[in-house]
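Working notes, beginning with the structure itself.
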There are 4 protein chains.
Amino acid sequence: MLTHTSKFRVRFNETDPLGIVWHGHYVTYLEDGREAFGEEFGISYKDIQHAGLFAPIVKCTVDYKFPLKHGDWARIETNYVDEMASKLHFTYKIFNEEGKLVATGETIQVFTDQKGELFLSYPPFFEEWKRKNQLL
Amino acid sequence: MLTHTSKFRVRFNETDPLGIVWHGHYVTYLEDGREAFGEEFGISYKDIQHAGLFAPIVKCTVDYKFPLKHGDWARIETNYVDEMASKLHFTYKIFNEEGKLVATGETIQVFTDQKGELFLSYPPFFEEWKRKNQLL
Amino acid sequence: MLTHTSKFRVRFNETDPLGIVWHGHYVTYLEDGREAFGEEFGISYKDIQHAGLFAPIVKCTVDYKFPLKHGDWARIETNYVDEMASKLHFTYKIFNEEGKLVATGETIQVFTDQKGELFLSYPPFFEEWKRKNQLL
Amino acid sequence: MLTHTSKFRVRFNETDPLGIVWHGHYVTYLEDGREAFGEEFGISYKDIQHAGLFAPIVKCTVDYKFPLKHGDWARIETNYVDEMASKLHFTYKIFNEEGKLVATGETIQVFTDQKGELFLSYPPFFEEWKRKNQLL
């Protein structure tokens, strides 16, 4: 399985009056995890753009299990889920310093050209990427 | 069905290098819709806090169908979904000015006391709220 | 004097663990005030872009006098300060519902073409705008 | 001089439709720099709170000289400026990877107790901190 783990630290301005991370900021944590994955495996936003493509998010889900607080260190595990369809599918697990699972997430992206036209089959860049990673 | 519709306008700083709203900002749109609903129906964050409760988000999902751009006017329809369990469940529809559905969303909240202890059955405030709205 | 006043309401997610608006969010309030001014007087981001120009911020200052809290209504007064130089200079006053001055701000923007080349003298759009508003 | 340098990387969601960092996000960069300084020198938000104090920002200024883009690495130099008054005064310099100065900033904080009452003279924690750092 293609996976990447990165660490992050909770900023003061990410926390709310309850003293915990406001739920919307987890979307940023997922994006940070996905970008770190993308840089390791050559499928970051920049890699995709260099290929003349965009990969807009079409679905994003977060399940919250346990709060994070200002100053907490956490790690996010970003897992690539292989699909037949022309989609980028990731699942995420966020753990706190004690190794407790504090949130899970999921994102789905599609590929479009620069005019926003959807690719129903694999764009060449993605097909090549899949081959390079033994997924085809 | 308990429902509320509110309008909002896309800020410059909510848009990304592709010129469209960055997907994470929709979580704010959902919260704005939910708060507007809450103020109409007496179940806003403040109402909940005045009752000595918190209602943390345990799940948040957004499905993106069509982009929004800087300056666009949109409206969000916030729908309360009644559940047997001690939960606040909302679904959301966001429409652009032409009436096109641009995104849908869903959030689930639970109730805790001020120490973070979960209510497995309805806290009195919520039971009363349900009765007031003919849901019990 | 060219001035515009607009109202806004403090969002839950703009407040920090101290229960007050995190200081960085005032930059958004200034931008909202400036955009509302711009739409009234024909010098919004979109107006500037339609003229083939950009107007990047080169300086931004906020002085904080009194906190704002979740749910507070406030109003921002955006004042255009006329300059000889080819600059957009605004000052801002933010008042709470009781009319108390809670913050002041200032921004300076310059004009560039679409390649980022600075205009040292007035671009035609800005000269015309000044004439239209009896500033030349 | 008490100074601290930390590195950061520009996130996709910090950039605007012009492809550059939206100016408001620099306030976060300053806070990140200040917190990194605070952790090295024992005067972070948490240290201040453990002493029963708050240190709200009363002034924040940013001067923008050159844009930052998605993926850029930058470093922020946070400098403590010693004052007679009971204030925390920092200046900041942000450099891009080529060592070019892209922005400067300044923040001023005051000390209050937990009720928000201002300290006109040094609170004991701050006096001790100054002594420890040969500033008194």
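In the structure tokens, each chain is lettered A, B, ... as it comes, each chain's residues begin at 1, and ligands are numbered from 1 in order of appearance.
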Please give the complete set of residues from chain A that DSSP, run on the backbone, assigns to helix (DSSP H, G or I), formatted as a ChimeraX atom specification. /A:12-14,23-41,45-50,124-132
Those of chain C in DSSP strand (DSSP E), formatted as JSON, numbers by chain: {"C": [3, 4, 5, 6, 7, 8, 9, 57, 58, 59, 60, 61, 62, 63, 64, 73, 74, 75, 76, 77, 78, 79, 80, 87, 88, 89, 90, 91, 92, 93, 94, 95, 96, 101, 102, 103, 104, 105, 106, 107, 108, 109, 110]}
Select all residues from chain B having any atom no more than 10 Å from an atom of chain A (counting only C-alpha atoms, ignoring ligands), output as a count of residues only. 31
Mind giving me the straight-line distance from atom CA of Tyr29 of chain A to atom CA of Arg11 of chain C in Å, one decimal?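 According to the coordinates, atom CA of Tyr29 of chain A and atom CA of Arg11 of chain C are separated by 21.3 Å.
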Report as a list in words all protein, DNA and RNA residues lying within 6 Å of segment 85-102 of chain D, evaluated on only C-alpha atoms, omitting residues in the same chain fewer than 6 positions from it. Lys65, Phe66, Trp73, Ala74, Arg75, Ile76, Glu77, Thr78, Asn79, Ile108, Gln109, Val110, Ser121 and Tyr122 of chain D
Preceding selection exported with C-alpha atoms as a short mmCIF file (atom, residue, chain, number, x, y, z; two decimals), in the first residue's frame:
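Writing done, so here's result-v8.cif:
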```cif
data_model
loop_
_atom_site.label_atom_id
_atom_site.label_comp_id
_atom_site.auth_asym_id
_atom_site.auth_seq_id
_atom_site.Cartn_x
_atom_site.Cartn_y
_atom_site.Cartn_z
CA LYS D 65 7.94 43.63 -0.33
CA PHE D 66 7.89 40.57 -2.53
CA TRP D 73 10.25 27.64 1.65
CA ALA D 74 10.78 30.74 3.74
CA ARG D 75 12.37 31.61 7.04
CA ILE D 76 11.18 34.07 9.62
CA GLU D 77 13.52 35.87 11.98
CA THR D 78 11.77 36.96 15.18
CA ASN D 79 13.54 39.67 17.16
CA ILE D 108 3.11 44.68 20.39
CA GLN D 109 1.49 42.78 23.25
CA VAL D 110 0.47 43.91 26.71
CA SER D 121 4.10 47.73 35.53
CA TYR D 122 5.88 44.41 34.95
#
```
